[in-house]
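Inspection log for the structure reproduced underneath, given as structure tokens.
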Amino acid sequence: EMGKLFDLEASGYFYSRLQNPACDMVAAKICALEGGSAAMLTGSGQAANFMTIFNIAGAGDHVVSASTIYGGTFNLFSVTMKKMGVEFTFVSPDCSEEELNAAFRPNTKAVVMTAASNVCGTFLPIEAVGAICHKHGIKFILDSAQKAGTFPIDMEACHIDALCFTGHKSLLGPQGVGGMLLSDEMVKATTPLIAGGTGSASHKEEMPMSMPDRFEAGTMNPPGIIGLRAALQYHA
């Protein structure tokens, strides 16, 4: 029986790095709050941003982003990813549809916006931006670090492909836990950037295909995740 659990041939809780009930509860609750199809937990909201954008854009691609994004994300885009050959165009979060359309190029892969800015206090018209992205077939990534837990967001209705969050802000959890919610399409398209150490199917050369093991390399942060679980129960 234990062998079947380790090989993911059967489901059950037996190891803190595999199918941890605390992780499962947090993922399910976050999905219920924001309407995602699947959730993956990371060490921070910034780690979630990193994994999401690196799965969509590569050398020769173009991304449109809000000028009010988090400073760490701005650095990721304007320095790190620029060195890797990804181009970025920054627009105002309250730009018109015409202005956003004008920023698109044939090689535009995604639009990255912040749901709410803790710098200037702006709220993004999420549904309107999502509709524009959907019309053009461009992925819509939403950084909801400042808004998750305070304002409901319907990922499907807003055409959000990936929603990134952190646990220690409006969700009221501890530091050291974040994650992303993915649409069905993004679940299929996303590949792990960090591999190894899932605690399951260790005899295989590649990461497991099952969620969330495929994306949770190494040991998770059970104390932080349990703290976030308590915070989510408070939200309920």
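Chains: A, B, ... in order of the structure tokens. Residues: from 1 per chain. Ligands: from 1, in order shown.
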Need to verify the contact set: A:Leu100, 9 Å, only C-alpha atoms, exclusion of same-chain residues closer than 2 positions in sequence. Can you return it as a PDB file with all heavy atoms, in the first residue's frame?
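Just written: out_27.pdb:
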ATOM      1  N   VAL A  64       3.263  42.895 -22.276  1.00  0.00           N
ATOM      2  CA  VAL A  64       2.763  44.209 -21.855  1.00  0.00           C
ATOM      3  C   VAL A  64       2.506  44.155 -20.354  1.00  0.00           C
ATOM      4  O   VAL A  64       1.911  43.199 -19.857  1.00  0.00           O
ATOM      5  CB  VAL A  64       1.471  44.581 -22.604  1.00  0.00           C
ATOM      6  CG1 VAL A  64       0.915  45.913 -22.086  1.00  0.00           C
ATOM      7  CG2 VAL A  64       1.731  44.670 -24.107  1.00  0.00           C
ATOM      8  N   VAL A  91       2.512  50.158 -19.597  1.00  0.00           N
ATOM      9  CA  VAL A  91       1.383  51.056 -19.829  1.00  0.00           C
ATOM     10  C   VAL A  91       0.738  51.417 -18.498  1.00  0.00           C
ATOM     11  O   VAL A  91       0.918  50.723 -17.494  1.00  0.00           O
ATOM     12  CB  VAL A  91       0.325  50.394 -20.753  1.00  0.00           C
ATOM     13  CG1 VAL A  91       0.923  50.063 -22.113  1.00  0.00           C
ATOM     14  CG2 VAL A  91      -0.252  49.137 -20.108  1.00  0.00           C
ATOM     15  N   SER A  92      -0.022  52.484 -18.506  1.00  0.00           N
ATOM     16  CA  SER A  92      -0.754  52.881 -17.307  1.00  0.00           C
ATOM     17  C   SER A  92      -1.858  51.864 -17.026  1.00  0.00           C
ATOM     18  O   SER A  92      -2.501  51.368 -17.957  1.00  0.00           O
ATOM     19  CB  SER A  92      -1.376  54.269 -17.510  1.00  0.00           C
ATOM     20  OG  SER A  92      -2.257  54.578 -16.443  1.00  0.00           O
ATOM     21  N   CYS A  95      -5.166  52.751 -18.616  1.00  0.00           N
ATOM     22  CA  CYS A  95      -5.119  53.108 -20.032  1.00  0.00           C
ATOM     23  C   CYS A  95      -6.414  52.706 -20.719  1.00  0.00           C
ATOM     24  O   CYS A  95      -7.119  51.799 -20.268  1.00  0.00           O
ATOM     25  CB  CYS A  95      -3.925  52.440 -20.718  1.00  0.00           C
ATOM     26  SG  CYS A  95      -4.016  50.651 -20.801  1.00  0.00           S
ATOM     27  N   SER A  96      -6.701  53.343 -21.817  1.00  0.00           N
ATOM     28  CA  SER A  96      -7.909  53.022 -22.577  1.00  0.00           C
ATOM     29  C   SER A  96      -7.700  51.738 -23.369  1.00  0.00           C
ATOM     30  O   SER A  96      -6.571  51.252 -23.522  1.00  0.00           O
ATOM     31  CB  SER A  96      -8.235  54.164 -23.537  1.00  0.00           C
ATOM     32  OG  SER A  96      -7.218  54.278 -24.526  1.00  0.00           O
ATOM     33  N   GLU A  97      -8.799  51.196 -23.890  1.00  0.00           N
ATOM     34  CA  GLU A  97      -8.683  49.992 -24.720  1.00  0.00           C
ATOM     35  C   GLU A  97      -7.818  50.278 -25.944  1.00  0.00           C
ATOM     36  O   GLU A  97      -7.019  49.431 -26.358  1.00  0.00           O
ATOM     37  CB  GLU A  97     -10.074  49.523 -25.161  1.00  0.00           C
ATOM     38  CG  GLU A  97     -10.029  48.269 -26.036  1.00  0.00           C
ATOM     39  CD  GLU A  97     -11.405  47.721 -26.351  1.00  0.00           C
ATOM     40  OE1 GLU A  97     -12.393  48.239 -25.796  1.00  0.00           O
ATOM     41  OE2 GLU A  97     -11.487  46.769 -27.151  1.00  0.00           O
ATOM     42  N   GLU A  98      -7.955  51.456 -26.513  1.00  0.00           N
ATOM     43  CA  GLU A  98      -7.163  51.823 -27.683  1.00  0.00           C
ATOM     44  C   GLU A  98      -5.675  51.860 -27.344  1.00  0.00           C
ATOM     45  O   GLU A  98      -4.836  51.401 -28.132  1.00  0.00           O
ATOM     46  CB  GLU A  98      -7.616  53.183 -28.229  1.00  0.00           C
ATOM     47  CG  GLU A  98      -8.997  53.201 -28.872  1.00  0.00           C
ATOM     48  CD  GLU A  98     -10.118  53.109 -27.849  1.00  0.00           C
ATOM     49  OE1 GLU A  98      -9.867  53.436 -26.645  1.00  0.00           O
ATOM     50  OE2 GLU A  98     -11.231  52.721 -28.237  1.00  0.00           O
ATOM     51  N   ALA A 102      -2.792  49.353 -28.782  1.00  0.00           N
ATOM     52  CA  ALA A 102      -1.630  49.914 -29.473  1.00  0.00           C
ATOM     53  C   ALA A 102      -0.318  49.337 -28.949  1.00  0.00           C
ATOM     54  O   ALA A 102       0.693  49.345 -29.654  1.00  0.00           O
ATOM     55  CB  ALA A 102      -1.630  51.437 -29.324  1.00  0.00           C
ATOM     56  N   ALA A 103      -0.342  48.820 -27.711  1.00  0.00           N
ATOM     57  CA  ALA A 103       0.876  48.251 -27.124  1.00  0.00           C
ATOM     58  C   ALA A 103       1.133  46.826 -27.597  1.00  0.00           C
ATOM     59  O   ALA A 103       2.250  46.313 -27.472  1.00  0.00           O
ATOM     60  CB  ALA A 103       0.770  48.277 -25.602  1.00  0.00           C
ATOM     61  N   PHE A 104       0.122  46.173 -28.153  1.00  0.00           N
ATOM     62  CA  PHE A 104       0.271  44.791 -28.590  1.00  0.00           C
ATOM     63  C   PHE A 104       1.113  44.694 -29.857  1.00  0.00           C
ATOM     64  O   PHE A 104       1.072  45.571 -30.725  1.00  0.00           O
ATOM     65  CB  PHE A 104      -1.093  44.149 -28.857  1.00  0.00           C
ATOM     66  CG  PHE A 104      -1.934  43.966 -27.626  1.00  0.00           C
ATOM     67  CD1 PHE A 104      -3.318  43.923 -27.712  1.00  0.00           C
ATOM     68  CD2 PHE A 104      -1.348  43.831 -26.374  1.00  0.00           C
ATOM     69  CE1 PHE A 104      -4.100  43.748 -26.589  1.00  0.00           C
ATOM     70  CE2 PHE A 104      -2.121  43.660 -25.243  1.00  0.00           C
ATOM     71  CZ  PHE A 104      -3.496  43.611 -25.342  1.00  0.00           C
ATOM     72  N   VAL A 129      -9.888  44.562 -18.758  1.00  0.00           N
ATOM     73  CA  VAL A 129      -8.576  44.163 -19.285  1.00  0.00           C
ATOM     74  C   VAL A 129      -8.607  42.704 -19.733  1.00  0.00           C
ATOM     75  O   VAL A 129      -8.079  42.348 -20.799  1.00  0.00           O
ATOM     76  CB  VAL A 129      -7.477  44.374 -18.219  1.00  0.00           C
ATOM     77  CG1 VAL A 129      -6.139  43.804 -18.715  1.00  0.00           C
ATOM     78  CG2 VAL A 129      -7.327  45.849 -17.884  1.00  0.00           C
ATOM     79  N   ILE A 132     -10.228  42.274 -23.138  1.00  0.00           N
ATOM     80  CA  ILE A 132      -9.352  42.697 -24.245  1.00  0.00           C
ATOM     81  C   ILE A 132      -8.322  41.608 -24.543  1.00  0.00           C
ATOM     82  O   ILE A 132      -8.075  41.262 -25.704  1.00  0.00           O
ATOM     83  CB  ILE A 132      -8.654  44.019 -23.895  1.00  0.00           C
ATOM     84  CG1 ILE A 132      -9.675  45.142 -23.737  1.00  0.00           C
ATOM     85  CG2 ILE A 132      -7.636  44.391 -24.971  1.00  0.00           C
ATOM     86  CD1 ILE A 132      -9.102  46.424 -23.160  1.00  0.00           C
TER      87      ILE A 132
END
What's around stretch 158-171 of chain A at 8 Å? Count only C-alpha atoms, leave out sequence neighbours fewer than 3 positions away in its own chain, and write the answer as a short mmCIF file (atom, residue, chain, number, x, y, z; two decimals) with all heavy atoms, in the first residue's frame.
data_model
loop_
_atom_site.label_atom_id
_atom_site.label_comp_id
_atom_site.auth_asym_id
_atom_site.auth_seq_id
_atom_site.Cartn_x
_atom_site.Cartn_y
_atom_site.Cartn_z
N SER A 44 6.54 32.49 -2.03
CA SER A 44 6.16 33.90 -1.99
C SER A 44 5.32 34.23 -3.22
O SER A 44 5.26 33.45 -4.18
CB SER A 44 7.40 34.80 -1.97
OG SER A 44 8.12 34.67 -3.19
N GLY A 45 4.70 35.39 -3.19
CA GLY A 45 3.98 35.85 -4.36
C GLY A 45 4.91 36.14 -5.52
O GLY A 45 4.58 35.92 -6.68
N GLN A 46 6.13 36.63 -5.20
CA GLN A 46 7.09 36.92 -6.25
C GLN A 46 7.55 35.64 -6.94
O GLN A 46 7.78 35.62 -8.16
CB GLN A 46 8.29 37.67 -5.66
CG GLN A 46 9.32 38.11 -6.68
CD GLN A 46 8.78 39.10 -7.70
OE1 GLN A 46 7.68 39.62 -7.54
NE2 GLN A 46 9.52 39.35 -8.76
N ALA A 48 5.72 33.08 -7.38
CA ALA A 48 4.60 32.73 -8.25
C ALA A 48 4.64 33.55 -9.54
O ALA A 48 4.41 33.03 -10.64
CB ALA A 48 3.28 32.94 -7.52
N ASN A 49 4.92 34.86 -9.41
CA ASN A 49 5.06 35.71 -10.59
C ASN A 49 6.15 35.18 -11.52
O ASN A 49 5.99 35.10 -12.73
CB ASN A 49 5.41 37.15 -10.17
CG ASN A 49 4.23 37.90 -9.59
OD1 ASN A 49 3.09 37.63 -9.92
ND2 ASN A 49 4.52 38.84 -8.70
N THR A 52 5.13 31.91 -13.31
CA THR A 52 4.07 32.13 -14.30
C THR A 52 4.61 32.76 -15.57
O THR A 52 4.39 32.26 -16.68
CB THR A 52 2.97 33.02 -13.70
OG1 THR A 52 2.45 32.41 -12.52
CG2 THR A 52 1.83 33.18 -14.69
N ILE A 126 -10.32 44.93 -13.83
CA ILE A 126 -9.87 43.58 -14.17
C ILE A 126 -10.68 42.96 -15.30
O ILE A 126 -10.13 42.40 -16.26
CB ILE A 126 -9.93 42.67 -12.92
CG1 ILE A 126 -9.01 43.23 -11.83
CG2 ILE A 126 -9.53 41.25 -13.27
CD1 ILE A 126 -9.15 42.53 -10.49
N GLU A 127 -11.99 43.04 -15.20
CA GLU A 127 -12.84 42.40 -16.21
C GLU A 127 -12.63 43.01 -17.59
O GLU A 127 -12.59 42.30 -18.60
CB GLU A 127 -14.31 42.49 -15.80
CG GLU A 127 -15.23 41.61 -16.63
CD GLU A 127 -16.61 41.49 -16.03
OE1 GLU A 127 -16.84 41.98 -14.90
OE2 GLU A 127 -17.48 40.89 -16.69
N ALA A 128 -12.47 44.32 -17.65
CA ALA A 128 -12.28 44.99 -18.94
C ALA A 128 -10.95 44.59 -19.57
O ALA A 128 -10.87 44.30 -20.77
CB ALA A 128 -12.33 46.50 -18.74
N VAL A 129 -9.89 44.56 -18.76
CA VAL A 129 -8.58 44.16 -19.29
C VAL A 129 -8.61 42.70 -19.73
O VAL A 129 -8.08 42.35 -20.80
CB VAL A 129 -7.48 44.37 -18.22
CG1 VAL A 129 -6.14 43.80 -18.71
CG2 VAL A 129 -7.33 45.85 -17.88
N GLY A 130 -9.24 41.85 -18.94
CA GLY A 130 -9.34 40.44 -19.30
C GLY A 130 -10.08 40.22 -20.60
O GLY A 130 -9.70 39.37 -21.41
N ALA A 131 -11.12 41.00 -20.83
CA ALA A 131 -11.90 40.87 -22.07
C ALA A 131 -11.05 41.24 -23.28
O ALA A 131 -11.13 40.60 -24.34
CB ALA A 131 -13.14 41.74 -21.99
N CYS A 133 -7.72 41.07 -23.50
CA CYS A 133 -6.73 39.99 -23.69
C CYS A 133 -7.36 38.79 -24.36
O CYS A 133 -6.78 38.18 -25.28
CB CYS A 133 -6.12 39.59 -22.35
SG CYS A 133 -5.13 40.87 -21.56
N HIS A 134 -8.55 38.43 -23.90
CA HIS A 134 -9.25 37.26 -24.45
C HIS A 134 -9.55 37.47 -25.93
O HIS A 134 -9.41 36.55 -26.74
CB HIS A 134 -10.54 37.04 -23.67
CG HIS A 134 -11.32 35.85 -24.11
ND1 HIS A 134 -10.88 34.55 -23.90
CD2 HIS A 134 -12.52 35.74 -24.75
CE1 HIS A 134 -11.78 33.71 -24.40
NE2 HIS A 134 -12.76 34.40 -24.92
N LYS A 139 -2.46 35.85 -23.09
CA LYS A 139 -2.59 35.41 -21.70
C LYS A 139 -2.66 36.62 -20.77
O LYS A 139 -1.93 37.60 -20.92
CB LYS A 139 -1.42 34.52 -21.30
CG LYS A 139 -1.38 33.17 -22.03
CD LYS A 139 -2.49 32.27 -21.53
CE LYS A 139 -2.35 30.85 -22.08
NZ LYS A 139 -2.59 30.77 -23.53
N PHE A 140 -3.54 36.52 -19.77
CA PHE A 140 -3.73 37.58 -18.79
C PHE A 140 -3.26 37.08 -17.43
O PHE A 140 -3.84 36.15 -16.87
CB PHE A 140 -5.20 37.99 -18.74
CG PHE A 140 -5.52 39.10 -17.76
CD1 PHE A 140 -4.58 40.05 -17.40
CD2 PHE A 140 -6.79 39.19 -17.20
CE1 PHE A 140 -4.87 41.06 -16.50
CE2 PHE A 140 -7.11 40.21 -16.31
CZ PHE A 140 -6.14 41.14 -15.96
N ILE A 141 -2.19 37.69 -16.90
CA ILE A 141 -1.65 37.33 -15.59
C ILE A 141 -1.96 38.47 -14.63
O ILE A 141 -1.63 39.63 -14.90
CB ILE A 141 -0.13 37.11 -15.66
CG1 ILE A 141 0.21 36.02 -16.68
CG2 ILE A 141 0.42 36.75 -14.29
CD1 ILE A 141 1.69 35.90 -16.96
N LEU A 142 -2.56 38.13 -13.50
CA LEU A 142 -2.94 39.14 -12.51
C LEU A 142 -2.18 38.93 -11.22
O LEU A 142 -2.25 37.85 -10.61
CB LEU A 142 -4.45 39.08 -12.24
CG LEU A 142 -5.00 40.16 -11.32
CD1 LEU A 142 -4.94 41.53 -12.00
CD2 LEU A 142 -6.42 39.85 -10.88
N ASP A 143 -1.45 39.95 -10.80
CA ASP A 143 -0.80 39.94 -9.49
C ASP A 143 -1.80 40.49 -8.49
O ASP A 143 -2.08 41.69 -8.46
CB ASP A 143 0.47 40.80 -9.53
CG ASP A 143 1.23 40.79 -8.20
OD1 ASP A 143 0.65 40.37 -7.19
OD2 ASP A 143 2.40 41.20 -8.19
N SER A 144 -2.33 39.60 -7.65
CA SER A 144 -3.39 39.98 -6.72
C SER A 144 -2.89 40.03 -5.28
O SER A 144 -3.68 39.84 -4.35
CB SER A 144 -4.56 38.99 -6.84
OG SER A 144 -5.69 39.46 -6.12
N ALA A 145 -1.61 40.29 -5.10
CA ALA A 145 -1.03 40.29 -3.75
C ALA A 145 -1.75 41.25 -2.81
O ALA A 145 -1.95 40.94 -1.63
CB ALA A 145 0.46 40.65 -3.82
N GLN A 146 -2.15 42.41 -3.33
CA GLN A 146 -2.78 43.43 -2.47
C GLN A 146 -4.29 43.27 -2.36
O GLN A 146 -4.93 43.92 -1.53
CB GLN A 146 -2.47 44.83 -3.02
CG GLN A 146 -1.00 45.13 -3.21
CD GLN A 146 -0.24 45.19 -1.89
OE1 GLN A 146 -0.82 45.41 -0.84
NE2 GLN A 146 1.06 45.01 -1.96
N LYS A 147 -4.87 42.41 -3.18
CA LYS A 147 -6.33 42.35 -3.25
C LYS A 147 -6.92 41.01 -2.81
O LYS A 147 -8.07 40.94 -2.40
CB LYS A 147 -6.78 42.66 -4.68
CG LYS A 147 -8.18 43.23 -4.78
CD LYS A 147 -8.45 43.76 -6.19
CE LYS A 147 -9.82 44.45 -6.22
NZ LYS A 147 -10.13 44.95 -7.59
N ALA A 148 -6.13 39.94 -2.91
CA ALA A 148 -6.64 38.62 -2.55
C ALA A 148 -7.13 38.61 -1.10
O ALA A 148 -6.40 39.00 -0.18
CB ALA A 148 -5.55 37.58 -2.75
N GLY A 149 -8.34 38.19 -0.92
CA GLY A 149 -8.92 38.12 0.42
C GLY A 149 -9.77 39.31 0.80
O GLY A 149 -10.49 39.27 1.81
N THR A 150 -9.71 40.38 0.01
CA THR A 150 -10.51 41.58 0.33
C THR A 150 -11.62 41.82 -0.68
O THR A 150 -12.71 42.24 -0.30
CB THR A 150 -9.62 42.83 0.39
OG1 THR A 150 -8.92 42.97 -0.85
CG2 THR A 150 -8.60 42.72 1.50
N ILE A 153 -12.73 37.93 -6.79
CA ILE A 153 -12.35 37.95 -8.20
C ILE A 153 -12.80 36.65 -8.84
O ILE A 153 -12.48 35.57 -8.32
CB ILE A 153 -10.83 38.13 -8.37
CG1 ILE A 153 -10.37 39.46 -7.76
CG2 ILE A 153 -10.44 38.06 -9.85
CD1 ILE A 153 -8.86 39.63 -7.77
N ASP A 154 -13.50 36.73 -9.94
CA ASP A 154 -13.93 35.54 -10.67
C ASP A 154 -12.99 35.36 -11.85
O ASP A 154 -13.07 36.08 -12.84
CB ASP A 154 -15.37 35.72 -11.15
CG ASP A 154 -15.95 34.44 -11.75
OD1 ASP A 154 -15.19 33.67 -12.36
OD2 ASP A 154 -17.16 34.21 -11.61
N MET A 155 -12.08 34.40 -11.74
CA MET A 155 -11.07 34.22 -12.77
C MET A 155 -11.67 33.91 -14.14
O MET A 155 -11.23 34.43 -15.16
CB MET A 155 -10.10 33.10 -12.38
CG MET A 155 -9.16 33.47 -11.26
SD MET A 155 -7.93 32.16 -10.93
CE MET A 155 -7.05 32.07 -12.50
N PRO A 174 0.92 34.06 7.48
CA PRO A 174 2.31 34.39 7.79
C PRO A 174 3.14 34.62 6.53
O PRO A 174 2.70 34.30 5.42
CB PRO A 174 2.80 33.14 8.54
CG PRO A 174 1.98 32.03 7.96
CD PRO A 174 0.63 32.63 7.67
N GLN A 175 4.32 35.14 6.70
CA GLN A 175 5.23 35.32 5.58
C GLN A 175 5.80 33.96 5.15
O GLN A 175 5.81 33.00 5.92
CB GLN A 175 6.37 36.26 5.97
CG GLN A 175 5.92 37.68 6.25
CD GLN A 175 7.07 38.58 6.65
OE1 GLN A 175 8.05 38.12 7.24
NE2 GLN A 175 6.97 39.86 6.35
N GLY A 176 6.28 33.91 3.91
CA GLY A 176 6.91 32.69 3.43
C GLY A 176 5.99 31.75 2.70
O GLY A 176 6.37 30.60 2.43
N VAL A 177 4.78 32.20 2.36
CA VAL A 177 3.84 31.38 1.60
C VAL A 177 3.18 32.25 0.54
O VAL A 177 2.72 33.36 0.82
CB VAL A 177 2.74 30.76 2.49
CG1 VAL A 177 1.84 29.85 1.65
CG2 VAL A 177 3.34 29.97 3.64
N GLY A 178 3.13 31.76 -0.66
CA GLY A 178 2.42 32.42 -1.75
C GLY A 178 1.93 31.36 -2.70
O GLY A 178 1.91 30.17 -2.36
N GLY A 179 1.54 31.77 -3.88
CA GLY A 179 1.09 30.77 -4.84
C GLY A 179 0.42 31.39 -6.04
O GLY A 179 0.40 32.61 -6.21
N MET A 180 -0.10 30.53 -6.86
CA MET A 180 -0.82 30.99 -8.05
C MET A 180 -2.00 30.08 -8.33
O MET A 180 -1.98 28.88 -8.04
CB MET A 180 0.11 31.02 -9.25
CG MET A 180 0.83 29.73 -9.54
SD MET A 180 1.99 29.93 -10.90
CE MET A 180 3.25 28.78 -10.43
N LEU A 181 -3.03 30.69 -8.87
CA LEU A 181 -4.20 29.97 -9.34
C LEU A 181 -4.15 29.96 -10.86
O LEU A 181 -3.83 30.97 -11.49
CB LEU A 181 -5.49 30.66 -8.87
CG LEU A 181 -5.64 30.85 -7.37
CD1 LEU A 181 -6.95 31.56 -7.06
CD2 LEU A 181 -5.58 29.53 -6.64
N LEU A 182 -4.47 28.82 -11.44
CA LEU A 182 -4.37 28.67 -12.88
C LEU A 182 -5.69 28.27 -13.50
O LEU A 182 -6.49 27.56 -12.88
CB LEU A 182 -3.32 27.60 -13.22
CG LEU A 182 -1.90 27.82 -12.70
CD1 LEU A 182 -1.03 26.63 -13.06
CD2 LEU A 182 -1.31 29.10 -13.24
N SER A 183 -5.91 28.72 -14.72
CA SER A 183 -7.06 28.26 -15.49
C SER A 183 -6.76 26.85 -16.00
O SER A 183 -5.62 26.37 -15.94
CB SER A 183 -7.29 29.19 -16.68
OG SER A 183 -6.19 29.13 -17.58
N GLU A 185 -6.53 25.81 -19.00
CA GLU A 185 -5.58 25.87 -20.10
C GLU A 185 -4.15 26.07 -19.59
O GLU A 185 -3.20 25.46 -20.09
CB GLU A 185 -5.95 27.01 -21.05
CG GLU A 185 -5.07 27.08 -22.29
CD GLU A 185 -5.48 28.19 -23.23
OE1 GLU A 185 -6.60 28.75 -23.06
OE2 GLU A 185 -4.70 28.50 -24.15
N MET A 186 -4.00 26.91 -18.55
CA MET A 186 -2.67 27.17 -18.02
C MET A 186 -2.11 25.97 -17.27
O MET A 186 -0.89 25.74 -17.25
CB MET A 186 -2.70 28.39 -17.10
CG MET A 186 -2.60 29.71 -17.83
SD MET A 186 -1.01 29.94 -18.70
CE MET A 186 0.11 30.08 -17.31
N LEU A 228 -1.48 29.87 7.12
CA LEU A 228 -2.36 30.42 6.09
C LEU A 228 -3.71 29.71 6.11
O LEU A 228 -4.75 30.34 5.89
CB LEU A 228 -1.71 30.29 4.72
CG LEU A 228 -2.51 30.83 3.53
CD1 LEU A 228 -2.88 32.30 3.73
CD2 LEU A 228 -1.71 30.67 2.23
N ALA A 231 -5.75 31.35 8.70
CA ALA A 231 -6.21 32.66 8.24
C ALA A 231 -7.38 32.51 7.27
O ALA A 231 -8.34 33.30 7.32
CB ALA A 231 -5.06 33.41 7.57
N LEU A 232 -7.31 31.51 6.40
CA LEU A 232 -8.40 31.29 5.44
C LEU A 232 -9.68 30.84 6.14
O LEU A 232 -10.78 31.17 5.72
CB LEU A 232 -7.97 30.26 4.39
CG LEU A 232 -6.87 30.73 3.44
CD1 LEU A 232 -6.37 29.57 2.57
CD2 LEU A 232 -7.37 31.86 2.55
N HIS A 235 -11.31 33.90 7.23
CA HIS A 235 -12.01 34.55 6.12
C HIS A 235 -13.37 33.91 5.88
O HIS A 235 -14.31 34.57 5.46
CB HIS A 235 -11.16 34.45 4.84
CG HIS A 235 -10.11 35.49 4.74
ND1 HIS A 235 -10.37 36.81 4.39
CD2 HIS A 235 -8.77 35.43 4.96
CE1 HIS A 235 -9.24 37.50 4.38
NE2 HIS A 235 -8.26 36.69 4.72
#
Straight-line distance linking atom CA of A:Ile225 with atom CA of A:Ala22, stated in Å to one decimal: 6.6 Å
DSSP-assigned alpha helix (DSSP H) members of stretch 10-210 of chain A, reported as number ranges by chain: A: 21-34, 45-54, 71-75, 82-83, 97-103, 126-136, 184-189
Strand (DSSP E or B) per DSSP on the backbone: members of stretch 28-183 of chain A, as an MDAnalysis selection string: chainID A and resid 38:42 62:66 87:91 108:114 116 123 139:143 162:166 178:182
Keeping only C-alpha atoms, take the residues you just selected and write them out as an mmCIF file, in the first residue's frame.
data_model
loop_
_atom_site.group_PDB
_atom_site.id
_atom_site.type_symbol
_atom_site.label_atom_id
_atom_site.label_comp_id
_atom_site.auth_asym_id
_atom_site.auth_seq_id
_atom_site.Cartn_x
_atom_site.Cartn_y
_atom_site.Cartn_z
ATOM 1 C CA ALA A 38 -5.998 24.584 -9.681
ATOM 2 C CA ALA A 39 -3.651 26.130 -7.144
ATOM 3 C CA MET A 40 0.080 25.778 -6.603
ATOM 4 C CA LEU A 41 1.814 26.959 -3.448
ATOM 5 C CA THR A 42 5.189 28.700 -3.554
ATOM 6 C CA HIS A 62 6.963 40.534 -25.960
ATOM 7 C CA VAL A 63 4.937 41.242 -22.816
ATOM 8 C CA VAL A 64 2.763 44.209 -21.855
ATOM 9 C CA SER A 65 2.803 45.174 -18.197
ATOM 10 C CA ALA A 66 1.368 47.825 -15.922
ATOM 11 C CA GLU A 87 10.843 42.736 -24.499
ATOM 12 C CA PHE A 88 8.398 44.670 -22.329
ATOM 13 C CA THR A 89 6.088 47.605 -22.880
ATOM 14 C CA PHE A 90 4.790 49.371 -19.781
ATOM 15 C CA VAL A 91 1.383 51.056 -19.829
ATOM 16 C CA THR A 108 2.947 39.640 -27.519
ATOM 17 C CA LYS A 109 2.452 36.620 -25.262
ATOM 18 C CA ALA A 110 0.944 38.086 -22.112
ATOM 19 C CA VAL A 111 -0.405 41.073 -20.236
ATOM 20 C CA VAL A 112 0.720 41.350 -16.607
ATOM 21 C CA MET A 113 -1.208 43.680 -14.332
ATOM 22 C CA THR A 114 -1.545 44.387 -10.625
ATOM 23 C CA ALA A 116 -4.415 46.912 -6.732
ATOM 24 C CA PHE A 123 -7.639 49.530 -8.710
ATOM 25 C CA LYS A 139 -2.588 35.414 -21.702
ATOM 26 C CA PHE A 140 -3.728 37.584 -18.786
ATOM 27 C CA ILE A 141 -1.653 37.333 -15.593
ATOM 28 C CA LEU A 142 -2.944 39.142 -12.512
ATOM 29 C CA ASP A 143 -0.796 39.941 -9.488
ATOM 30 C CA ALA A 162 -3.012 32.988 -13.849
ATOM 31 C CA LEU A 163 -3.613 34.808 -10.573
ATOM 32 C CA CYS A 164 -0.620 35.221 -8.250
ATOM 33 C CA PHE A 165 -1.016 35.881 -4.529
ATOM 34 C CA THR A 166 0.929 36.133 -1.292
ATOM 35 C CA GLY A 178 2.419 32.420 -1.748
ATOM 36 C CA GLY A 179 1.087 30.767 -4.837
ATOM 37 C CA MET A 180 -0.816 30.985 -8.051
ATOM 38 C CA LEU A 181 -4.199 29.973 -9.339
ATOM 39 C CA LEU A 182 -4.365 28.669 -12.878
#
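For the residues A:Gly43, A:Thr73, A:Ala115, A:Gly36, ranking by smallest atom-to-atom distance to A:Asn221 using only C-alpha atoms places A:Gly43 first.
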Residue contacts of A:Gly85 (12 Å, only C-alpha atoms) excluding same-chain residues fewer than 2 positions away, as an NGL selection string: :A and (54 or 57-63 or 77-83 or 87-88)
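The nearest approach to A:Phe50 among the residues A:Ala27, A:Val187, A:Arg229, A:Pro192, with only C-alpha atoms taken into account, belongs to A:Pro192.
With atom CA of A:Ser37 on one side and atom CA of A:Tyr70 on the other, the separation reads 25.2 Å.
Note that atom CA of A:Asp213 and atom CA of A:Ala28 are 14.9 Å apart.
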